[in-house]
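Q: Input structure: my_file_27.cif, which contains mmCIF, C-alpha atoms.
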```
data_target
loop_
_atom_site.label_atom_id
_atom_site.label_comp_id
_atom_site.auth_asym_id
_atom_site.auth_seq_id
_atom_site.Cartn_x
_atom_site.Cartn_y
_atom_site.Cartn_z
CA MET A 7 111.96 82.45 123.87
CA ILE A 8 113.39 79.87 121.49
CA VAL A 9 109.87 78.49 121.01
CA PHE A 10 109.00 81.67 119.08
CA VAL A 11 111.96 81.45 116.69
CA PRO A 12 109.97 79.74 113.86
CA ALA A 13 107.25 82.39 114.19
CA GLY A 14 109.89 85.12 114.04
CA ILE A 15 111.48 83.61 110.93
CA PHE A 16 108.18 83.51 109.06
CA LEU A 17 107.22 86.98 110.28
CA LEU A 18 110.54 88.32 108.97
CA ALA A 19 109.93 86.53 105.67
CA LEU A 20 106.49 88.16 105.49
CA VAL A 21 107.85 91.65 106.14
CA VAL A 22 110.67 91.25 103.61
CA GLY A 23 108.27 89.75 101.07
CA MET A 24 105.82 92.62 101.43
CA LEU A 25 108.56 95.23 101.20
CA ARG A 26 109.79 93.65 97.98
CA ASP A 27 106.35 93.22 96.45
CA ARG A 28 103.02 92.91 98.25
CA ARG A 29 101.53 91.30 95.15
CA ARG A 30 102.84 87.78 95.82
CA LEU A 31 100.85 84.74 96.86
CA ARG A 32 103.76 83.35 98.89
CA ASN A 33 103.28 86.15 101.41
CA GLY A 34 100.04 84.45 102.43
CA PHE A 35 101.95 81.28 103.35
CA TYR A 36 104.39 83.30 105.45
CA LEU A 37 101.48 84.96 107.25
CA VAL A 38 99.69 81.71 108.11
CA PHE A 39 102.86 79.95 109.26
CA ALA A 40 103.80 82.97 111.40
CA LEU A 41 100.37 82.86 113.08
CA PHE A 42 100.52 79.07 113.50
CA PHE A 43 103.94 79.02 115.11
CA THR A 44 102.99 81.94 117.32
CA LEU A 45 100.09 79.90 118.69
CA VAL A 46 102.37 76.88 119.14
CA GLY A 47 104.91 79.06 120.93
CA VAL A 48 102.24 80.46 123.24
CA MET A 49 101.06 76.94 124.14
CA LEU A 50 104.59 75.65 124.74
CA LYS A 51 105.54 78.71 126.81
CA THR A 52 102.36 78.45 128.85
CA GLY A 53 102.94 74.73 129.35
CA GLN A 54 106.27 75.39 131.10
CA THR A 55 104.55 77.12 134.01
CA HIS A 56 100.88 76.23 133.69
CA PRO A 57 100.56 72.78 132.05
CA ARG A 58 96.83 72.49 132.65
CA LEU A 59 96.19 75.91 131.15
CA ALA A 60 98.21 74.94 128.06
CA VAL A 61 96.21 71.70 127.69
CA ALA A 62 92.97 73.64 128.08
CA PHE A 63 94.14 76.15 125.47
CA ALA A 64 95.01 73.36 123.05
CA GLY A 65 91.64 71.75 123.72
CA VAL A 66 89.80 74.97 122.96
CA LEU A 67 91.70 75.36 119.67
CA LEU A 68 90.86 71.76 118.74
CA VAL A 69 87.17 72.25 119.52
CA LEU A 70 87.12 75.47 117.51
CA ALA A 71 88.76 73.67 114.58
CA LEU A 72 86.18 70.88 114.76
CA LEU A 73 83.30 73.35 114.96
CA SER A 74 84.64 75.57 112.18
CA ALA A 75 83.44 73.31 109.37
CA LEU A 76 79.93 73.18 110.84
CA VAL A 77 79.87 76.95 111.21
CA LEU A 78 81.23 77.42 107.68
CA ALA A 79 78.70 74.97 106.26
CA TRP A 80 75.84 76.83 107.95
CA PHE A 81 77.24 80.16 106.78
CA LEU A 82 77.56 79.01 103.17
CA VAL A 83 73.99 77.73 103.09
CA ARG A 84 72.64 80.90 104.69
CA ASN A 85 74.65 83.15 102.38
CA GLY A 86 73.68 81.10 99.32
CA LEU A 87 69.99 81.49 100.14
CA THR A 88 70.50 85.23 100.63
CA MET A 89 72.18 85.45 97.23
CA LEU A 90 69.34 83.53 95.61
CA ARG A 91 66.80 85.88 97.16
CA LYS A 92 68.60 89.10 96.24
CA GLU A 93 70.29 88.23 92.95
CA GLY A 94 68.13 85.43 91.55
CA ALA A 95 69.06 81.86 90.67
CA GLN A 96 72.53 81.66 89.15
CA PRO A 97 74.80 78.59 88.91
CA GLY A 98 77.50 79.93 91.24
CA GLN A 99 74.98 80.97 93.86
CA SER A 100 73.11 77.66 93.74
CA ALA A 101 76.39 75.81 94.09
CA LEU A 102 77.25 77.93 97.10
CA ALA A 103 73.99 77.04 98.82
CA ALA A 104 74.39 73.37 97.99
CA GLY A 105 78.09 73.31 98.86
CA GLY A 106 77.59 74.08 102.54
CA PRO A 107 76.48 70.61 103.63
CA GLY A 108 79.14 69.01 101.39
CA HIS A 109 81.87 70.91 103.16
CA ASP A 110 81.25 68.85 106.30
CA ARG A 111 81.23 65.41 104.62
CA PRO A 112 84.83 64.47 105.59
CA ARG A 113 83.87 64.81 109.25
CA ALA A 114 80.70 62.76 108.75
CA MET A 115 82.80 60.13 106.99
CA LEU A 116 85.25 60.11 109.88
CA VAL A 117 82.48 59.51 112.39
CA ALA A 118 80.99 56.75 110.20
CA SER A 119 84.35 55.02 109.71
CA LEU A 120 85.04 55.03 113.45
CA ALA A 121 81.58 53.68 114.18
CA THR A 122 81.62 50.90 111.58
CA GLY A 123 85.31 50.01 111.61
CA SER A 124 85.20 49.68 107.82
CA ARG A 125 88.72 49.58 106.33
CA ALA A 126 87.55 50.82 102.94
CA LEU A 127 85.60 53.70 104.45
CA SER A 128 88.56 54.58 106.67
CA THR A 129 90.83 54.74 103.60
CA VAL A 130 88.40 56.99 101.72
CA THR A 131 88.08 59.15 104.83
CA VAL A 132 91.85 59.59 105.16
CA VAL A 133 92.10 60.57 101.48
CA ALA A 134 89.20 63.04 101.82
CA VAL A 135 90.62 64.60 104.98
CA LEU A 136 94.08 65.07 103.41
CA VAL A 137 92.77 66.61 100.19
CA VAL A 138 90.18 68.82 101.90
CA GLY A 139 92.79 69.83 104.47
CA TYR A 140 95.19 70.89 101.72
CA VAL A 141 92.57 72.97 99.90
CA SER A 142 91.39 74.49 103.21
CA PHE A 143 94.98 75.46 104.04
CA LEU A 144 95.37 77.18 100.68
CA PHE A 145 92.05 78.97 101.12
CA THR A 146 93.10 80.18 104.59
CA CYS A 147 96.36 81.55 103.20
CA PHE A 148 94.53 83.27 100.35
CA LEU A 149 91.77 84.74 102.52
CA LEU A 150 93.94 86.06 105.35
CA TYR A 151 96.50 87.63 103.05
CA ALA A 152 93.79 89.09 100.79
CA LEU A 153 92.38 90.83 103.88
CA LEU A 154 95.84 92.04 104.91
CA TYR A 155 96.60 93.27 101.38
CA GLY A 156 93.37 95.27 101.38
CA TRP A 157 94.39 97.20 104.51
CA PHE A 158 97.40 98.79 102.82
CA LYS A 159 96.83 101.98 100.86
CA PRO A 160 99.13 103.24 98.09
CA ARG A 161 101.26 106.24 98.98
CA GLY A 162 103.25 108.82 97.06
CA ARG A 163 102.87 110.14 93.54
CA ILE A 164 100.32 108.47 91.30
CA ASP A 165 100.23 109.21 87.59
CA PHE A 166 97.22 107.09 86.61
CA VAL A 167 94.11 105.72 88.27
CA VAL A 168 92.90 102.66 86.35
CA VAL A 169 89.29 101.58 86.89
CA LEU A 170 88.50 98.04 85.75
CA GLY A 171 85.19 97.39 84.01
CA ALA A 172 82.53 95.06 85.39
CA GLY A 173 79.90 94.94 82.66
CA LEU A 174 76.97 97.19 81.80
CA ILE A 175 73.36 96.39 82.63
CA ARG A 176 70.80 97.59 80.09
CA ASN A 177 73.66 99.66 78.63
CA GLN A 178 74.00 101.64 81.85
CA VAL A 179 76.65 101.66 84.59
CA PRO A 180 75.32 99.32 87.32
CA PRO A 181 75.82 99.91 91.07
CA LEU A 182 78.81 97.56 91.34
CA LEU A 183 80.69 99.35 88.55
CA ALA A 184 79.57 102.74 89.90
CA GLY A 185 81.20 101.81 93.20
CA ARG A 186 84.50 101.22 91.41
CA LEU A 187 84.22 104.51 89.55
CA ASP A 188 83.39 106.42 92.72
CA LYS A 189 86.41 104.87 94.43
CA GLY A 190 88.61 105.77 91.47
CA LEU A 191 87.25 109.31 91.55
CA LYS A 192 88.10 109.57 95.25
CA VAL A 193 91.70 108.45 94.62
CA TYR A 194 91.93 110.90 91.69
CA GLU A 195 90.65 113.81 93.79
CA SER A 196 92.98 112.99 96.69
CA GLN A 197 95.93 113.16 94.29
CA LEU A 198 94.73 116.51 92.94
CA ALA A 199 94.44 117.82 96.50
CA ALA A 200 98.02 116.71 97.16
CA GLY A 201 99.27 118.70 94.18
CA GLY A 202 99.39 115.84 91.68
CA SER A 203 98.09 115.72 88.13
CA PRO A 204 96.84 112.16 87.57
CA MET A 205 94.81 110.81 84.69
CA LEU A 206 91.97 108.32 84.85
CA VAL A 207 91.93 105.19 82.69
CA THR A 208 88.57 103.53 82.13
CA SER A 209 89.08 99.95 81.01
CA GLY A 210 86.50 97.69 79.41
CA GLY A 211 85.48 96.45 75.96
CA GLN A 212 82.07 96.03 74.39
CA GLY A 213 80.04 92.95 75.24
CA PRO A 214 77.64 91.27 72.81
CA ASP A 215 74.62 92.78 74.60
CA GLU A 216 76.07 96.29 74.94
CA ASP A 217 75.61 99.23 72.58
CA ARG A 218 79.00 100.78 73.43
CA PRO A 219 82.23 99.75 75.17
CA GLU A 220 82.35 99.78 78.95
CA GLY A 221 85.34 102.11 78.85
CA GLN A 222 83.22 104.71 77.04
CA ALA A 223 80.25 104.37 79.40
CA MET A 224 82.60 104.62 82.39
CA ALA A 225 84.19 107.78 80.96
CA GLU A 226 80.73 109.30 80.49
CA TYR A 227 79.96 108.54 84.15
CA LEU A 228 83.14 110.30 85.31
CA ILE A 229 82.57 113.30 83.04
CA ALA A 230 79.06 113.64 84.49
CA ALA A 231 80.72 113.63 87.94
CA GLY A 232 82.88 116.62 86.95
CA VAL A 233 86.09 115.08 85.59
CA PRO A 234 87.42 116.93 82.50
CA GLY A 235 87.29 114.75 79.41
CA ASP A 236 90.93 115.39 78.59
CA ARG A 237 91.96 113.77 81.91
CA ILE A 238 90.40 110.43 80.92
CA ILE A 239 91.94 107.74 78.72
CA GLN A 240 89.51 105.13 77.40
CA GLU A 241 90.65 101.53 76.97
CA THR A 242 87.86 99.84 75.00
CA GLN A 243 89.27 96.57 73.64
CA SER A 244 89.65 94.31 76.69
CA ARG A 245 87.45 91.31 77.47
CA THR A 246 89.03 89.96 80.66
CA THR A 247 90.72 91.37 83.75
CA GLU A 248 94.11 90.33 82.42
CA GLU A 249 93.41 92.17 79.17
CA ASN A 250 92.16 95.18 81.17
CA LEU A 251 95.54 95.36 82.84
CA ALA A 252 97.70 94.53 79.81
CA PHE A 253 95.97 96.99 77.46
CA SER A 254 95.79 99.74 80.09
CA GLY A 255 99.47 99.21 80.87
CA ALA A 256 100.36 99.73 77.21
CA LEU A 257 98.37 102.98 77.10
CA MET A 258 100.05 104.28 80.26
CA ARG A 259 103.54 103.41 79.04
CA ASP A 260 102.86 105.33 75.82
CA VAL A 261 102.15 108.46 77.87
CA ASP A 262 104.78 107.97 80.58
CA PRO A 263 107.21 105.00 80.53
CA GLY A 264 108.08 105.60 84.20
CA TYR A 265 104.49 105.82 85.41
CA ARG A 266 103.07 104.78 88.79
CA CYS A 267 99.41 103.84 89.03
CA VAL A 268 96.61 102.63 91.25
CA VAL A 269 94.19 100.02 89.92
CA VAL A 270 90.63 100.11 91.24
CA THR A 271 88.31 97.12 91.41
CA ASN A 272 86.01 95.65 94.07
CA ASN A 273 87.50 94.66 97.43
CA TYR A 274 86.88 90.93 96.95
CA HIS A 275 88.73 91.09 93.62
CA ALA A 276 91.65 93.31 94.70
CA PHE A 277 94.22 90.66 95.63
CA ARG A 278 93.70 88.48 92.55
CA ALA A 279 93.84 91.63 90.41
CA ALA A 280 97.11 92.50 92.16
CA LEU A 281 98.52 89.08 91.28
CA MET A 282 97.57 89.66 87.65
CA ALA A 283 98.93 93.22 87.74
CA ARG A 284 102.32 91.86 88.77
CA LYS A 285 102.12 89.19 86.05
CA THR A 286 101.33 91.73 83.33
CA GLY A 287 104.04 94.19 84.45
CA ILE A 288 101.77 96.89 85.85
CA ASN A 289 103.72 99.32 88.06
CA GLY A 290 101.18 99.89 90.80
CA GLN A 291 99.02 98.47 93.56
CA VAL A 292 95.32 97.62 93.62
CA VAL A 293 92.64 99.10 95.86
CA GLY A 294 89.10 97.84 96.30
CA SER A 295 85.74 99.53 96.48
CA ARG A 296 83.19 98.28 98.98
CA THR A 297 80.91 95.40 98.06
CA ALA A 298 77.57 94.38 99.57
CA ARG A 299 78.27 92.02 102.48
CA TYR A 300 75.95 89.28 101.21
CA PHE A 301 77.83 89.22 97.89
CA TRP A 302 81.34 89.00 99.37
CA PRO A 303 81.52 85.32 100.54
CA SER A 304 80.52 83.78 97.23
CA ALA A 305 82.75 86.24 95.39
CA ILE A 306 85.85 85.45 97.46
CA ILE A 307 85.28 81.72 96.95
CA ARG A 308 85.18 82.29 93.19
CA GLU A 309 88.36 84.38 93.44
CA PHE A 310 90.12 81.58 95.32
CA ALA A 311 88.92 79.00 92.79
CA ALA A 312 90.33 81.13 89.96
CA VAL A 313 93.74 81.42 91.68
CA PHE A 314 93.69 77.68 92.47
CA MET A 315 93.12 76.89 88.79
CA GLN A 316 95.89 79.27 87.71
CA HIS A 317 98.25 76.90 89.53
CA LYS A 318 96.32 73.75 88.66
CA VAL A 319 99.35 71.63 87.77
CA ILE A 320 100.88 72.07 91.22
CA ASN A 321 97.59 71.95 93.09
CA PHE A 322 96.13 68.90 91.38
CA GLY A 323 99.53 67.25 91.62
CA MET A 324 99.55 67.83 95.38
CA CYS A 325 95.99 66.55 95.68
CA ALA A 326 96.95 63.41 93.74
CA LEU A 327 100.03 62.90 95.94
CA LEU A 328 97.99 63.30 99.12
CA ALA A 329 95.31 60.94 97.80
CA PHE A 330 97.98 58.34 96.95
CA THR A 331 99.55 58.76 100.40
CA GLY A 332 96.17 58.38 102.06
CA ALA A 333 95.40 55.26 100.03
CA LEU A 334 98.75 53.70 101.02
CA THR A 335 98.06 54.50 104.66
CA GLY A 336 94.75 52.68 104.42
CA LEU A 337 96.42 49.61 102.96
CA VAL A 338 99.08 49.34 105.68
#
```
As structure tokens, what does this structure read like?
A:
Amino acid sequence: MIVFVPAGIFLLALVVGMLRDRRRLRNGFYLVFALFFTLVGVMLKTGQTHPRLAVAFAGVLLVLALLSALVLAWFLVRNGLTMLRKEGAQPGQSALAAGGPGHDRPRAMLVASLATGSRALSTVTVVAVLVVGYVSFLFTCFLLYALLYGWFKPRGRIDFVVVLGAGLIRNQVPPLLAGRLDKGLKVYESQLAAGGSPMLVTSGGQGPDEDRPEGQAMAEYLIAAGVPGDRIIQETQSRTTEENLAFSGALMRDVDPGYRCVVVTNNYHAFRAALMARKTGINGQVVGSRTARYFWPSAIIREFAAVFMQHKVINFGMCALLAFTGALTGLV
């Protein structure tokens, strides 16, 4: 059983990390390493009694890894075209459709370098594989832990339910924002049913093309759904998610310094919002409302890109180090 010790160590680190605070990016690394070493342990354990089965298992994993980029490239193109058809041409969506074929370029470069024997092409290929591999590893950690985070539901007393704004369309609450409000209303009603007395916080400022702040329009939506006006606090100054959280936190602390809250956003945005909630000192977890399936892939890629850029010094430094290492390898 010693082969499973590394997996056990990372699994323990994951459990401890989540008990301390689920809103940490490092938990995603623990999760991926626990899964990786579990697979390694299974292969090593199987190899002790059934060597051929272990080799076959390793071969299947290798084939799946090689096919994954092709499948992902196809999926990105297909999803990008769906987004273009349903949402219209937007820069992020066009990039998603165009980015699918580009995702598989390191493999095409590898095949070309092996076929031609070019030293320069081999060096570029090694650099590309290292950098893309690093970014893919980070994305895997982010995606898997974001999914795991979304499965956990807040428990216990909740004093506030904060609904983050998402922009008005023609000065009305659009479906995406309505989904957040409906989710917030459900959390609010469940707390009432459990004997609690929570308040709702609608958070969002006024955009240049809006006739009133989002927070006000969101409050009107909830009042129309039956929520008493005196159970709603409007936060109407924020322009970004971080401001949503910071300004809402200040309002909640004014009412109850020892508050506990739940923040509501869309499911694709929940984990990044949780990271920001921890950063801004919000005492609460984040839950997500459902999002149309065709919208989710492009949205989660944008979420990952935003988190990647929040740690750009480390990430670009690692990419530069890997590129330098790959270049040195090509020169040897």
Q: Quick one: which residues end up in the PyMOL selection byres ((chain A and resi 172) around 9) for this structure, as a VMD selection string?
A: chain A and resid 170 to 171 173 to 174 179 to 180 182 to 183 186 210 220 271
Q: Mind writing the picked residues with C-alpha atoms as a short mmCIF file (atom, residue, chain, number, x, y, z; two decimals), keeping the file's coordinate frame?
A:
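Saved as result.cif:
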```
data_model
loop_
_atom_site.label_atom_id
_atom_site.label_comp_id
_atom_site.auth_asym_id
_atom_site.auth_seq_id
_atom_site.Cartn_x
_atom_site.Cartn_y
_atom_site.Cartn_z
CA LEU A 170 88.50 98.04 85.75
CA GLY A 171 85.19 97.39 84.01
CA GLY A 173 79.90 94.94 82.66
CA LEU A 174 76.97 97.19 81.80
CA VAL A 179 76.65 101.66 84.59
CA PRO A 180 75.32 99.32 87.32
CA LEU A 182 78.81 97.56 91.34
CA LEU A 183 80.69 99.35 88.55
CA ARG A 186 84.50 101.22 91.41
CA GLY A 210 86.50 97.69 79.41
CA GLU A 220 82.35 99.78 78.95
CA THR A 271 88.31 97.12 91.41
#
```
Q: Nearest residue to Ala64 of chain A out of A:Ala223, A:Pro214, A:Ile239, A:Val48, using all atoms listed in the file?
A: A:Val48
Q: Could you check how far atom CA of Phe166 of chain A sits from atom CA of Gln212 of chain A, in Å to one decimal?
A: 22.4 Å
Q: Determine the residue membership of the PyMOL selection byres ((chain A and resi 133-143) around 7) for the file above and supply it as a list of chain:residue names.
A: A:Pro112, A:Thr129, A:Val130, A:Thr131, A:Val132, A:Leu144, A:Phe145, A:Thr146, A:Cys147, A:Cys325, A:Leu328, A:Ala329, A:Gly332, A:Ala333
Q: At what distance in Å, to one decimal, does atom CA of Ile15 of chain A lie from atom CA of Thr55 of chain A?
A: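 Calculated distance between atom CA of Thr55 of chain A and atom CA of Ile15 of chain A is 25.0 Å.
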Q: Would you write out, as a PyMOL selection string, every residue that the PyMOL selection byres ((chain A and resi 286-298) around 6) captures in this file?
A: chain A and resi 186+189+252+255+266-273+276+280+283-285+299-301
Q: Quick one: distance from atom CA of Phe310 of chain A to atom CA of Leu150 of chain A in Å, one decimal?
A: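 According to the coordinates, atom CA of Phe310 of chain A and atom CA of Leu150 of chain A are separated by 11.6 Å.
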Q: Go through A:Trp157, A:Phe148, A:Phe322, A:Tyr227 one by one, measure the shortest atom-to-atom distance of each to Ile307 of chain A using only C-alpha atoms, and give the residue with the smallest value.
A: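 Selected residue with least distance to Ile307 of chain A: A:Phe148.
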Q: Skip Val193 of chain A itself and residues of its chain fewer than 2 positions away, then list as a list in words all residues within 10 Å of it, counting only C-alpha atoms.
A: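 After dropping sequence-adjacent residues, the list is Pro160, Ile164, Phe166, Val167, Leu187, Asp188, Lys189, Gly190, Leu191, Glu195, Ser196, Gln197, Leu198, Ala199, Pro204, Leu206, Val268, Val269, Val270 and Val293 of chain A.
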Q: Name the closest residue to Arg29 of chain A among the candidates A:Tyr151, A:Phe16, A:Tyr265, A:Phe314; distances are taken between atoms, counting only C-alpha atoms.
A: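 Residue with the minimum atom-to-atom distance to Arg29 of chain A: A:Tyr151.
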